[in-house]
$ cat upload30.txt   # compact mmCIF, C-alpha atoms
# COMPACT_ATOMS: atom_id res chain seq x y z
CA MET A 32 -2.65 16.86 30.74
CA ASN A 33 -0.53 19.97 31.18
CA ASP A 34 0.62 19.66 27.59
CA THR A 35 -0.99 21.95 25.05
CA LEU A 36 -1.87 21.92 21.38
CA ALA A 37 -2.59 25.49 20.30
CA LEU A 38 -3.96 26.61 16.96
CA LEU A 39 -1.60 29.02 15.19
CA GLN A 40 -3.35 29.44 11.87
CA LYS A 41 -6.20 27.92 9.90
CA PHE A 42 -6.84 28.66 6.25
CA ASN A 43 -8.79 27.35 3.31
CA ALA A 44 -6.31 25.63 1.03
CA HIS A 45 -8.45 23.90 -1.53
CA PRO A 46 -11.72 25.77 -2.08
CA ASP A 47 -14.85 23.61 -2.31
CA SER A 48 -12.93 20.36 -2.16
CA ARG A 49 -11.04 18.04 0.16
CA CYS A 50 -7.49 18.70 1.18
CA TRP A 51 -6.04 15.20 1.13
CA TYR A 52 -2.42 15.60 2.15
CA VAL A 53 0.21 18.07 3.42
CA ALA A 54 3.98 17.63 3.34
CA TRP A 55 6.83 19.81 4.60
CA ASN A 56 9.92 20.10 2.42
CA PRO A 57 13.12 18.79 4.10
CA LYS A 58 14.25 22.30 5.16
CA GLY A 59 10.82 23.14 6.53
CA THR A 60 10.50 26.33 4.52
CA LEU A 61 7.67 25.17 2.27
CA LEU A 62 4.46 23.22 2.71
CA ALA A 63 2.94 21.30 -0.17
CA SER A 64 -0.74 20.39 -0.13
CA CYS A 65 -2.91 18.51 -2.62
CA GLY A 66 -6.60 17.92 -2.98
CA GLY A 67 -9.78 16.91 -4.69
CA ASP A 68 -9.59 20.00 -6.90
CA ARG A 69 -6.76 18.25 -8.82
CA THR A 70 -4.18 20.85 -7.78
CA ILE A 71 -1.04 20.95 -5.73
CA ARG A 72 -0.39 24.12 -3.77
CA ILE A 73 2.91 25.27 -2.36
CA TRP A 74 2.75 27.44 0.76
CA GLY A 75 5.56 29.60 2.13
CA ARG A 76 5.92 31.46 5.40
CA GLU A 77 5.32 35.19 5.34
CA GLY A 78 5.97 36.43 8.85
CA ASP A 79 3.53 34.62 11.07
CA SER A 80 1.28 33.27 8.39
CA TRP A 81 1.47 30.92 5.43
CA GLU A 82 0.80 32.23 1.93
CA CYS A 83 0.19 30.36 -1.29
CA LYS A 84 3.29 30.68 -3.50
CA THR A 85 2.46 28.41 -6.38
CA VAL A 86 -0.47 26.42 -7.74
CA LEU A 87 0.31 23.40 -9.94
CA GLN A 88 -2.93 22.79 -11.73
CA ASP A 89 -2.41 21.02 -15.03
CA GLY A 90 -0.58 17.99 -13.80
CA HIS A 91 -3.42 15.63 -13.09
CA GLN A 92 -6.86 14.88 -14.47
CA ARG A 93 -8.25 13.65 -11.15
CA THR A 94 -7.80 14.10 -7.39
CA VAL A 95 -4.20 14.36 -6.22
CA ARG A 96 -4.06 12.05 -3.22
CA LYS A 97 -0.53 12.48 -1.84
CA VAL A 98 2.61 14.53 -2.42
CA ALA A 99 6.17 13.80 -1.34
CA TRP A 100 9.35 15.87 -1.38
CA SER A 101 12.66 14.29 -2.40
CA PRO A 102 15.31 14.23 0.38
CA CYS A 103 17.27 16.99 -1.39
CA GLY A 104 14.15 19.18 -1.55
CA ASN A 105 14.44 19.89 -5.28
CA TYR A 106 11.79 17.49 -6.49
CA LEU A 107 8.17 16.88 -5.63
CA ALA A 108 6.27 13.70 -6.50
CA SER A 109 2.48 13.64 -6.69
CA ALA A 110 0.24 10.56 -6.71
CA SER A 111 -3.16 10.84 -8.31
CA PHE A 112 -6.41 8.98 -8.88
CA ASP A 113 -5.75 9.39 -12.60
CA ALA A 114 -3.34 6.41 -12.21
CA LYS A 115 -0.27 8.58 -12.77
CA THR A 116 2.58 9.81 -10.59
CA CYS A 117 4.13 13.13 -11.62
CA ILE A 118 7.65 14.18 -10.77
CA TRP A 119 8.06 17.95 -10.54
CA LYS A 120 11.35 19.81 -10.47
CA LYS A 121 11.64 23.00 -8.46
CA LYS A 122 12.87 25.97 -10.49
CA ASN A 123 13.03 29.03 -8.19
CA ASP A 124 9.45 29.62 -7.16
CA ASP A 125 7.95 27.47 -9.87
CA PHE A 126 7.74 23.78 -10.59
CA GLU A 127 8.10 22.04 -13.91
CA CYS A 128 6.73 18.59 -14.61
CA LEU A 129 9.79 16.48 -15.38
CA THR A 130 8.23 13.11 -16.01
CA VAL A 131 5.06 11.10 -15.57
CA LEU A 132 5.30 7.56 -14.19
CA GLU A 133 2.66 5.30 -15.64
CA GLY A 134 1.95 1.67 -15.04
CA HIS A 135 -0.60 1.34 -12.29
CA GLU A 136 -3.97 0.12 -13.49
CA ASN A 137 -6.00 2.54 -11.42
CA GLU A 138 -5.82 5.16 -8.63
CA VAL A 139 -2.34 5.71 -7.19
CA LYS A 140 -2.81 6.08 -3.44
CA CYS A 141 0.67 7.03 -2.29
CA VAL A 142 4.19 7.96 -3.35
CA ALA A 143 7.29 8.04 -1.14
CA TRP A 144 10.99 8.83 -1.69
CA ALA A 145 13.63 6.67 -0.03
CA PRO A 146 16.06 8.63 2.21
CA SER A 147 18.87 7.80 -0.27
CA GLY A 148 17.05 9.84 -2.91
CA ASN A 149 17.38 7.33 -5.76
CA LEU A 150 14.40 5.11 -5.02
CA LEU A 151 10.72 5.90 -5.17
CA ALA A 152 7.78 3.72 -4.14
CA THR A 153 4.15 3.99 -5.29
CA CYS A 154 1.11 1.97 -4.35
CA SER A 155 -2.34 1.70 -5.80
CA ARG A 156 -5.89 0.41 -5.67
CA ASP A 157 -4.67 -2.23 -8.13
CA LYS A 158 -3.20 -3.99 -5.03
CA SER A 159 0.41 -3.59 -6.14
CA VAL A 160 3.43 -1.72 -4.82
CA TRP A 161 5.93 -0.47 -7.43
CA ILE A 162 9.53 0.44 -6.71
CA TRP A 163 11.24 2.85 -9.13
CA GLU A 164 14.89 3.75 -9.42
CA VAL A 165 16.12 7.13 -10.61
CA ASP A 166 19.51 7.51 -12.25
CA GLU A 167 21.87 10.50 -12.70
CA GLU A 168 20.08 11.58 -15.85
CA ASN A 169 16.73 11.76 -14.03
CA GLU A 170 15.45 8.68 -15.83
CA TYR A 171 12.97 6.65 -13.84
CA GLU A 172 12.85 2.91 -14.24
CA CYS A 173 10.57 0.38 -12.63
CA VAL A 174 12.69 -2.00 -10.57
CA SER A 175 9.96 -4.16 -9.07
CA VAL A 176 6.23 -4.76 -8.99
CA VAL A 177 5.12 -6.57 -5.83
CA ASN A 178 1.64 -8.00 -5.30
CA SER A 179 1.67 -8.94 -1.63
CA HIS A 180 -1.59 -7.33 -0.68
CA THR A 181 -4.97 -8.76 -1.60
CA GLN A 182 -6.74 -5.40 -1.62
CA ASP A 183 -6.27 -1.66 -2.23
CA VAL A 184 -2.87 -0.50 -0.88
CA LYS A 185 -3.31 2.77 1.02
CA HIS A 186 0.14 3.95 2.05
CA VAL A 187 3.86 3.26 1.63
CA VAL A 188 6.66 4.53 3.82
CA TRP A 189 10.46 4.07 3.74
CA HIS A 190 12.61 3.23 6.74
CA PRO A 191 14.64 6.30 7.85
CA THR A 192 18.03 4.60 7.65
CA GLN A 193 17.82 1.19 5.97
CA GLU A 194 16.60 0.20 2.52
CA LEU A 195 13.36 -1.16 3.83
CA LEU A 196 9.83 -0.38 2.69
CA ALA A 197 6.50 -0.82 4.47
CA SER A 198 2.99 -0.71 3.01
CA CYS A 199 -0.51 -1.03 4.43
CA SER A 200 -3.82 -1.97 2.92
CA TYR A 201 -7.58 -2.40 2.91
CA ASP A 202 -6.77 -6.10 3.52
CA ASN A 203 -5.98 -5.15 7.20
CA ASN A 204 -2.28 -6.02 6.88
CA VAL A 205 1.06 -4.24 6.84
CA CYS A 206 3.80 -5.66 4.59
CA VAL A 207 7.53 -5.07 4.94
CA TYR A 208 9.76 -5.35 1.86
CA LYS A 209 13.48 -5.84 1.32
CA GLU A 210 15.60 -6.10 -1.79
CA GLU A 211 16.86 -9.53 -2.73
CA ASP A 212 18.86 -10.06 -5.95
CA ASP A 213 17.69 -6.84 -7.59
CA ASP A 214 14.09 -7.67 -6.86
CA TRP A 215 11.96 -6.40 -4.01
CA GLU A 216 10.04 -8.99 -2.03
CA CYS A 217 7.65 -9.00 0.88
CA ARG A 218 9.64 -10.25 3.87
CA ALA A 219 7.04 -9.92 6.61
CA THR A 220 3.27 -9.55 6.88
CA LEU A 221 2.08 -7.84 10.05
CA GLU A 222 -1.38 -9.01 10.99
CA GLY A 223 -3.39 -7.67 13.87
CA HIS A 224 -5.61 -4.85 12.75
CA THR A 225 -9.22 -5.84 12.27
CA SER A 226 -9.94 -3.35 9.53
CA THR A 227 -8.25 -1.21 6.84
CA VAL A 228 -4.83 0.12 7.82
CA TRP A 229 -4.65 3.73 6.60
CA GLY A 230 -1.28 5.07 7.70
CA LEU A 231 2.25 4.11 8.74
CA THR A 232 5.17 5.93 10.31
CA PHE A 233 8.60 4.86 11.57
CA ASP A 234 10.02 6.18 14.83
CA PRO A 235 13.12 8.42 14.53
CA SER A 236 15.53 5.47 14.96
CA GLY A 237 13.60 3.17 12.63
CA GLN A 238 13.32 0.46 15.27
CA ARG A 239 9.58 0.73 15.56
CA LEU A 240 6.69 1.16 13.17
CA ALA A 241 3.34 2.69 14.10
CA SER A 242 0.19 1.91 12.12
CA CYS A 243 -3.28 3.43 12.33
CA SER A 244 -6.52 1.86 11.24
CA ASP A 245 -10.23 1.96 10.54
CA ASP A 246 -10.57 -0.25 13.64
CA CYS A 247 -9.94 2.99 15.65
CA THR A 248 -6.64 1.78 17.09
CA VAL A 249 -2.97 2.56 16.67
CA LYS A 250 -0.49 -0.32 16.86
CA ILE A 251 3.23 -0.13 17.53
CA TRP A 252 5.37 -2.86 15.93
CA LYS A 253 8.94 -3.77 16.72
CA GLU A 254 11.38 -5.92 14.81
CA CYS A 255 12.50 -8.87 16.96
CA GLN A 256 15.54 -10.98 16.14
CA PRO A 257 14.63 -14.62 15.58
CA GLU A 258 15.80 -17.28 18.01
CA GLY A 259 19.27 -18.57 17.17
CA GLY A 260 20.07 -15.46 15.17
CA GLN A 261 20.90 -17.25 11.93
CA GLU A 262 22.26 -15.24 9.04
CA GLY A 263 19.68 -14.59 6.41
CA THR A 264 16.57 -15.46 8.35
CA ASP A 265 14.16 -12.57 8.52
CA ALA A 266 13.44 -10.88 11.77
CA ALA A 267 9.81 -10.99 12.71
CA TRP A 268 7.77 -7.93 13.54
CA LYS A 269 5.65 -8.12 16.66
CA CYS A 270 2.93 -5.83 17.90
CA VAL A 271 4.31 -4.45 21.17
CA CYS A 272 1.61 -1.92 21.94
CA THR A 273 -1.99 -1.13 20.95
CA LEU A 274 -3.58 2.25 21.66
CA SER A 275 -7.31 1.67 21.82
CA GLY A 276 -10.18 3.60 23.30
CA PHE A 277 -8.67 6.95 22.32
CA HIS A 278 -10.20 7.43 18.89
CA GLY A 279 -13.93 7.49 18.21
CA ARG A 280 -13.62 6.89 14.50
CA THR A 281 -11.17 5.75 11.83
CA VAL A 282 -7.61 6.99 12.34
CA TYR A 283 -6.56 8.21 8.89
CA ASP A 284 -2.99 9.29 9.46
CA ILE A 285 -0.22 9.03 12.01
CA ALA A 286 3.10 10.85 12.28
CA TRP A 287 6.07 10.25 14.56
CA CYS A 288 8.01 13.43 15.32
CA PRO A 289 11.67 12.97 14.29
CA LEU A 290 12.74 15.58 16.89
CA THR A 291 10.70 14.81 20.01
CA GLY A 292 9.37 11.28 19.52
CA ALA A 293 5.77 12.41 20.02
CA LEU A 294 3.08 10.59 18.03
CA ALA A 295 0.29 12.61 16.36
CA THR A 296 -2.89 11.20 14.83
CA ALA A 297 -5.52 12.48 12.40
CA CYS A 298 -8.99 11.08 13.03
CA GLY A 299 -12.34 10.72 11.30
CA ASP A 300 -13.98 12.22 14.37
CA ASP A 301 -12.48 15.59 13.29
CA GLY A 302 -9.94 15.52 16.11
CA VAL A 303 -6.17 15.78 16.33
CA ARG A 304 -4.36 13.96 19.14
CA VAL A 305 -0.77 13.85 20.34
CA PHE A 306 0.59 10.91 22.35
CA LYS A 307 3.71 10.92 24.46
CA GLU A 308 5.80 7.87 25.25
CA ASP A 309 6.21 6.79 28.83
CA GLU A 310 9.98 7.06 29.50
CA THR A 311 9.91 4.50 32.30
CA ALA A 312 8.33 1.68 30.32
CA ASP A 313 10.20 -1.44 29.21
CA PRO A 314 11.54 -0.83 25.67
CA ASP A 315 9.96 -4.10 24.55
CA GLN A 316 6.59 -3.07 25.97
CA PRO A 317 6.28 0.64 25.24
CA ALA A 318 3.45 2.65 26.73
CA PHE A 319 1.92 5.83 25.39
CA SER A 320 -0.42 8.29 27.01
CA LEU A 321 -2.67 10.91 25.48
CA SER A 322 -0.78 14.17 25.89
CA ALA A 323 -2.99 16.66 24.00
CA HIS A 324 -6.31 16.48 22.18
CA VAL A 325 -8.28 19.00 20.12
CA PRO A 326 -11.71 17.37 19.61
CA LYS A 327 -12.97 19.61 16.82
CA ALA A 328 -9.70 20.49 15.13
CA HIS A 329 -11.61 20.70 11.86
CA THR A 330 -15.29 20.57 10.97
CA GLN A 331 -14.81 17.34 8.98
CA ASP A 332 -12.52 14.30 8.85
CA VAL A 333 -8.85 15.05 9.39
CA ASN A 334 -6.98 13.36 6.54
CA CYS A 335 -3.35 14.08 7.25
CA ILE A 336 -0.99 15.16 10.01
CA ALA A 337 2.67 16.13 9.65
CA TRP A 338 5.39 17.29 12.05
CA HIS A 339 7.76 20.05 11.00
CA PRO A 340 11.21 18.57 10.26
CA LYS A 341 13.17 21.32 12.02
CA GLU A 342 10.94 23.13 14.48
CA ALA A 343 9.97 20.97 17.43
CA GLY A 344 6.28 21.11 18.24
CA LEU A 345 5.14 22.59 14.94
CA LEU A 346 2.38 20.44 13.48
CA VAL A 347 0.15 20.75 10.43
CA SER A 348 -3.15 19.00 9.67
CA CYS A 349 -5.62 19.08 6.79
CA SER A 350 -9.22 18.11 6.34
CA ASP A 351 -12.09 17.09 4.07
CA ASN A 352 -13.39 20.66 4.33
CA GLY A 353 -10.37 21.88 2.38
CA GLU A 354 -8.69 23.55 5.32
CA ILE A 355 -5.13 23.37 6.60
CA ALA A 356 -4.44 24.08 10.28
CA VAL A 357 -1.05 24.83 11.82
CA TRP A 358 -0.55 23.91 15.49
CA ASN A 359 1.99 24.39 18.21
CA TYR A 360 2.44 21.46 20.58
CA GLN A 361 4.11 22.18 23.89
CA SER A 362 4.97 19.44 26.29
CA GLY A 363 4.71 20.79 29.81
CA VAL A 364 7.18 18.25 31.29
CA MET B 248 -52.20 -65.45 9.22
CA ALA B 249 -52.09 -61.93 10.53
CA HIS B 250 -48.42 -62.06 9.44
CA LYS B 251 -49.18 -62.48 5.75
CA SER B 252 -51.79 -59.74 5.62
CA GLU B 253 -49.30 -57.43 7.28
CA ASP B 254 -46.69 -58.15 4.59
CA LEU B 255 -49.21 -57.42 1.86
CA PHE B 256 -50.04 -54.01 3.26
CA ASP B 257 -46.44 -53.48 4.19
CA CYS B 258 -45.52 -53.54 0.51
CA ILE B 259 -48.06 -50.88 -0.33
CA LEU B 260 -47.47 -48.74 2.71
CA MET B 261 -43.66 -48.68 2.29
CA ALA B 262 -43.87 -48.18 -1.47
CA ASP B 263 -43.64 -44.43 -1.04
CA ASP B 264 -40.51 -44.68 1.09
CA ARG B 265 -38.95 -47.33 -1.14
CA PHE B 266 -39.36 -45.30 -4.31
CA HIS B 267 -38.08 -42.25 -2.49
CA VAL B 268 -34.83 -44.02 -1.56
CA GLU B 269 -34.46 -45.60 -5.01
CA GLY B 270 -35.13 -42.30 -6.73
CA TYR B 271 -32.58 -40.55 -4.52
CA ARG B 272 -29.91 -43.15 -5.29
CA GLU B 273 -30.52 -42.98 -9.02
CA GLY B 274 -30.48 -39.20 -8.93
CA PHE B 275 -27.25 -39.12 -6.93
CA ASP B 276 -25.52 -41.43 -9.43
CA GLU B 277 -26.77 -39.40 -12.36
CA GLY B 278 -25.62 -36.21 -10.63
CA THR B 279 -22.17 -37.64 -9.96
CA ARG B 280 -21.81 -38.59 -13.64
CA GLN B 281 -22.97 -35.18 -14.82
CA GLY B 282 -20.77 -33.49 -12.22
CA MET B 283 -17.72 -35.31 -13.55
CA ILE B 284 -18.50 -34.12 -17.06
CA ASP B 285 -19.08 -30.53 -15.95
CA GLY B 286 -16.00 -30.55 -13.72
CA ARG B 287 -13.84 -31.81 -16.53
CA LYS B 288 -15.13 -29.08 -18.87
CA HIS B 289 -14.56 -26.45 -16.15
CA GLY B 290 -11.04 -27.63 -15.42
CA ALA B 291 -10.18 -27.82 -19.10
CA SER B 292 -11.39 -24.30 -19.75
CA HIS B 293 -9.58 -22.83 -16.72
CA GLY B 294 -6.42 -24.70 -17.53
CA ALA B 295 -6.62 -23.40 -21.08
CA LYS B 296 -7.08 -19.81 -19.89
CA LEU B 297 -4.13 -20.07 -17.53
CA SER B 298 -1.79 -21.60 -20.07
CA MET B 299 -2.90 -19.07 -22.66
CA GLU B 300 -1.88 -16.31 -20.27
CA VAL B 301 1.46 -17.91 -19.34
CA SER B 302 2.31 -18.71 -22.98
CA PHE B 303 1.51 -15.14 -23.97
CA TYR B 304 4.00 -13.82 -21.41
CA TYR B 305 6.55 -16.41 -22.54
CA GLY B 306 6.13 -15.51 -26.22
CA PHE B 307 6.37 -11.83 -25.38
CA GLY B 308 9.55 -12.48 -23.38
CA ILE B 309 11.23 -14.63 -26.05
CA THR B 310 10.39 -12.15 -28.81
CA TRP B 311 11.86 -9.18 -26.98
CA LYS B 312 14.87 -11.25 -25.97
CA CYS B 313 15.55 -12.03 -29.62
CA LEU B 314 15.15 -8.39 -30.56
CA LEU B 315 17.44 -7.08 -27.86
CA GLN B 316 20.00 -9.86 -27.71
CA ASN B 317 22.59 -8.26 -29.89
CA ASN B 318 22.15 -4.77 -28.51
CA THR B 319 25.03 -3.78 -26.29
CA ASP B 320 23.96 -0.48 -24.75
CA VAL B 321 23.30 -0.18 -21.04
CA LYS B 322 19.53 0.25 -21.32
CA ALA B 323 19.19 -2.90 -23.43
CA ARG B 324 21.29 -4.83 -20.91
CA LYS B 325 18.98 -3.76 -18.10
CA ARG B 326 15.90 -4.72 -20.10
CA LEU B 327 17.39 -8.11 -20.97
CA LYS B 328 17.97 -8.74 -17.30
CA VAL B 329 14.30 -8.15 -16.51
CA LEU B 330 13.29 -10.31 -19.49
CA GLU B 331 15.51 -13.14 -18.28
CA SER B 332 13.90 -12.88 -14.89
CA LEU B 333 10.42 -13.15 -16.44
CA LEU B 334 11.41 -16.12 -18.61
CA GLY B 335 13.06 -17.78 -15.61
CA LEU B 336 9.92 -17.47 -13.50
CA ILE B 337 7.82 -19.02 -16.26
CA GLN B 338 10.25 -21.87 -16.90
CA LYS B 339 10.25 -22.71 -13.19
CA PHE B 340 6.46 -22.86 -13.22
CA PRO B 341 5.20 -26.48 -13.02
CA HIS B 342 2.91 -26.82 -16.02
CA GLU B 343 1.71 -30.33 -15.26
CA GLU B 344 0.63 -29.95 -11.65
CA PRO B 345 -2.83 -28.51 -11.05
CA GLN B 346 -2.46 -29.20 -7.32
CA TYR B 347 0.78 -27.23 -7.01
CA GLU B 348 0.68 -25.52 -3.65
CA TYR B 349 2.01 -22.16 -4.70
CA LEU B 350 0.13 -21.92 -7.99
CA GLN B 351 -1.73 -18.71 -7.18
CA GLU B 352 1.30 -17.06 -5.58
CA ASP B 353 3.63 -17.87 -8.45
CA MET B 354 1.07 -16.74 -11.01
CA GLU B 355 0.87 -13.41 -9.20
CA LYS B 356 4.68 -13.14 -9.34
CA VAL B 357 4.66 -13.87 -13.07
CA ARG B 358 1.90 -11.30 -13.66
CA ALA B 359 3.74 -8.67 -11.62
CA LYS B 360 6.98 -9.38 -13.52
CA PHE B 361 5.14 -9.05 -16.83
CA ARG B 362 3.67 -5.67 -15.76
CA GLN B 363 7.13 -4.45 -14.86
CA THR B 364 8.56 -5.76 -18.16
CA SER B 365 5.88 -4.13 -20.28
CA VAL B 366 6.45 -0.77 -18.58
CA ILE B 367 10.22 -0.99 -19.08
CA MET B 368 10.16 -1.92 -22.79
$ encode --input "upload30.txt" --output "structure tokens"
Amino acid sequence: MNDTLALLQKFNAHPDSRCWYVAWNPKGTLLASCGGDRTIRIWGREGDSWECKTVLQDGHQRTVRKVAWSPCGNYLASASFDAKTCIWKKKNDDFECLTVLEGHENEVKCVAWAPSGNLLATCSRDKSVWIWEVDEENEYECVSVVNSHTQDVKHVVWHPTQELLASCSYDNNVCVYKEEDDDWECRATLEGHTSTVWGLTFDPSGQRLASCSDDCTVKIWKECQPEGGQEGTDAAWKCVCTLSGFHGRTVYDIAWCPLTGALATACGDDGVRVFKEDETADPDQPAFSLSAHVPKAHTQDVNCIAWHPKEAGLLVSCSDNGEIAVWNYQSGV
Amino acid sequence: MAHKSEDLFDCILMADDRFHVEGYREGFDEGTRQGMIDGRKHGASHGAKLSMEVSFYYGFGITWKCLLQNNTDVKARKRLKVLESLLGLIQKFPHEEPQYEYLQEDMEKVRAKFRQTSVIM
């Protein structure tokens, strides 16, 4: 491995509590983090280091589990264990809570904006996935409630170019949803993991989906056209690659770099790993190799990993010990 | 004559086994009868619970439909659409078939539609 993953900065983001998630805004100028201390913190670059610009502390009554920036960068959505999803509007350096989306019966585990900017998806421990539509007047309306999972839904992610949604759950499955007649339905159930699936990420082109699980593996799925190619029949998703033996514990998060195609994982063994795709492999049977690994990236479980949207190689991770770490990945090719 | 004395003792010796078998048979029949009664009660109570739930959603849907029917603004139109979808799902639901293959799945769809409707209203 002549590829390196170097630590640039490590700082305590959420004192005395877990840092659950970190998200870069679309321009890459701000980093949002959220945690067990019920706050959301916005970090901005000051020279070589990251400084806390804003703290949003009265939005939620319980842990904030995930945050997501809208594609335009002016809005931030936060999903919390208090069963609510808050939509914040950016006003200069401050954020104002625009609206609160209610409806889930218990902890909201994830929120994600569609690339088009007018759809939002949330998922919860109540086993459902909700799709919301936002109109020109910033009014949010629930478009669909889908109950395809039989257990706690951990994560939802939108396809980068099509109106397609994927979710994963404690029931070991990944579900893919499409809109049919104004209603969203589960079109495919991807089975294969033998334990909870914690994270999902699409590759830059949207042709492949990577999932990570409590079974310590990462699986790559590809959409295959059905035989005969009839109009209207759903393509099936097949597992084309499984990365096993690399992670010692649960893999909590996975991120596919939109610029370089590298795959980064956040693991319960406190380590951060980056995988590179083998260029010579058959596209229908991709192969990945471990490119860089920092075994003790944090002193506790790594909960989230995110690639910078503009700067190739810039990676951020966060952990149960409340810390955020910023890394530089260099591929020695 | 050894034959006859054997039969005599046979009766006594096998009594235990005989009563065992008879007792089992009687018990099994009694159990089957009681099981039928319990099963019927169980089915009736579950069926009642399910129809109570479905009728509640239906009543809710019809009421709101009546209230919003004559409203012409855009929001009301959108809500009516969702209501129609809920009512449609319930009407399609086979009320007389307990062995309907997709019973659980369709019930989940109805419940999800109701949750969406109640949030929108």
$ closest_residue --input "upload30.txt" --among "A:Gln193, A:Phe112, A:Lys120, A:Cys349" --to "Asp157 of chain A" --atoms "all atoms listed in the file"
A:Phe112
$ interface_residues --input "upload30.txt" --of "chain A" --to "chain B" --cutoff "8 Å" --atoms "all atoms listed in the file" --output "count of residues only"
9
$ atom_distance --input "upload30.txt" --atom1 "atom CA of Ser155 of chain A" --atom2 "atom CA of Lys185 of chain A"
7.0 Å
$ residues_around --input "upload30.txt" --residues "segment 106-111 of chain A" --least-positions-apart "2" --cutoff "8 Å" --atoms "only C-alpha atoms" --output "PyMOL selection string"
chain A and resi 91+93-101+103-104+113-121+138-143+153
$ atom_distance --input "upload30.txt" --atom1 "atom CA of Pro326 of chain A" --atom2 "atom CA of Trp229 of chain A"
20.1 Å
$ atom_distance --input "upload30.txt" --atom1 "atom CA of Lys312 of chain B" --atom2 "atom CA of Leu334 of chain B"
9.5 Å
$ closest_residue --input "upload30.txt" --among "A:Ser320, A:Val357, A:Ser350, A:Gly223" --to "Gly67 of chain A" --atoms "all atoms listed in the file"
A:Ser350
$ closest_residue --input "upload30.txt" --among "B:Val301, B:Leu314, B:Leu255, B:Leu327" --to "His342 of chain B" --atoms "all atoms listed in the file"
B:Val301
$ residues_around --input "upload30.txt" --residues "segment 329-334 of chain A" --least-positions-apart "2" --cutoff "12 Å" --atoms "only C-alpha atoms" --output "ChimeraX atom specification"
/A:38,41-43,48-53,64-66,96-97,229-230,279-286,295-304,325-327,336-337,347-357
$ residues_around --input "upload30.txt" --residues "segment 283-294 of chain B" --least-positions-apart "4" --cutoff "12 Å" --atoms "all atoms listed in the file" --output "list in words"
Asp276, Glu277, Gly278, Thr279, Ser298, Met299, Glu300, Val301, Ser302, His342, Glu343, Glu344, Pro345, Gln346 and Leu350 of chain B
$ write_last_selection --input "upload30.txt" --atoms "C-alpha atoms" --output "mmCIF file, in the coordinates of the input"
data_model
loop_
_atom_site.group_PDB
_atom_site.id
_atom_site.type_symbol
_atom_site.label_atom_id
_atom_site.label_comp_id
_atom_site.auth_asym_id
_atom_site.auth_seq_id
_atom_site.Cartn_x
_atom_site.Cartn_y
_atom_site.Cartn_z
ATOM 1 C CA ASP B 276 -25.520 -41.430 -9.430
ATOM 2 C CA GLU B 277 -26.770 -39.400 -12.360
ATOM 3 C CA GLY B 278 -25.620 -36.210 -10.630
ATOM 4 C CA THR B 279 -22.170 -37.640 -9.960
ATOM 5 C CA SER B 298 -1.790 -21.600 -20.070
ATOM 6 C CA MET B 299 -2.900 -19.070 -22.660
ATOM 7 C CA GLU B 300 -1.880 -16.310 -20.270
ATOM 8 C CA VAL B 301 1.460 -17.910 -19.340
ATOM 9 C CA SER B 302 2.310 -18.710 -22.980
ATOM 10 C CA HIS B 342 2.910 -26.820 -16.020
ATOM 11 C CA GLU B 343 1.710 -30.330 -15.260
ATOM 12 C CA GLU B 344 0.630 -29.950 -11.650
ATOM 13 C CA PRO B 345 -2.830 -28.510 -11.050
ATOM 14 C CA GLN B 346 -2.460 -29.200 -7.320
ATOM 15 C CA LEU B 350 0.130 -21.920 -7.990
#
$ residues_near_point --input "upload30.txt" --point "(10.3, -0.9, 4.0)" --cutoff "10 Å" --atoms "all atoms listed in the file" --output "ChimeraX atom specification"
/A:145,152,187-191,193-198,206-210,215,217-219,233
$ closest_residue --input "upload30.txt" --among "B:Ala323, B:Leu297, B:Met368, B:Val357" --to "Ile337 of chain B" --atoms "only C-alpha atoms"
B:Val357
$ closest_residue --input "upload30.txt" --among "A:Ala312, A:Ala293, A:Leu132, A:Leu150" --to "Leu346 of chain A" --atoms "all atoms listed in the file"
A:Ala293
$ residues_around --input "upload30.txt" --residues "Ser226 of chain A" --least-positions-apart "3" --cutoff "12 Å" --atoms "all atoms listed in the file" --output "PyMOL selection string"
chain A and resi 182+199-205+222-223+229+242-249+280-282
$ build_atoms --input "upload30.txt" --residues "segment 281-285 of chain B" --atoms "N, CA, C and O atoms" --output "tab-separated table (two decimals), in the coordinates of the input"
chain	number	residue	atom	x	y	z
B	281	GLN	N	-22.89	-36.49	-14.19
B	281	GLN	CA	-22.97	-35.18	-14.82
B	281	GLN	C	-21.93	-34.24	-14.23
B	281	GLN	O	-21.30	-33.46	-14.95
B	282	GLY	N	-21.75	-34.34	-12.91
B	282	GLY	CA	-20.77	-33.49	-12.22
B	282	GLY	C	-19.37	-33.72	-12.75
B	282	GLY	O	-18.61	-32.76	-12.95
B	283	MET	N	-19.03	-34.98	-13.00
B	283	MET	CA	-17.72	-35.31	-13.55
B	283	MET	C	-17.53	-34.64	-14.89
B	283	MET	O	-16.48	-34.06	-15.17
B	284	ILE	N	-18.58	-34.72	-15.71
B	284	ILE	CA	-18.50	-34.12	-17.06
B	284	ILE	C	-18.33	-32.61	-16.95
B	284	ILE	O	-17.43	-32.03	-17.56
B	285	ASP	N	-19.17	-31.98	-16.11
B	285	ASP	CA	-19.08	-30.53	-15.95
B	285	ASP	C	-17.73	-30.11	-15.38
B	285	ASP	O	-17.13	-29.14	-15.85
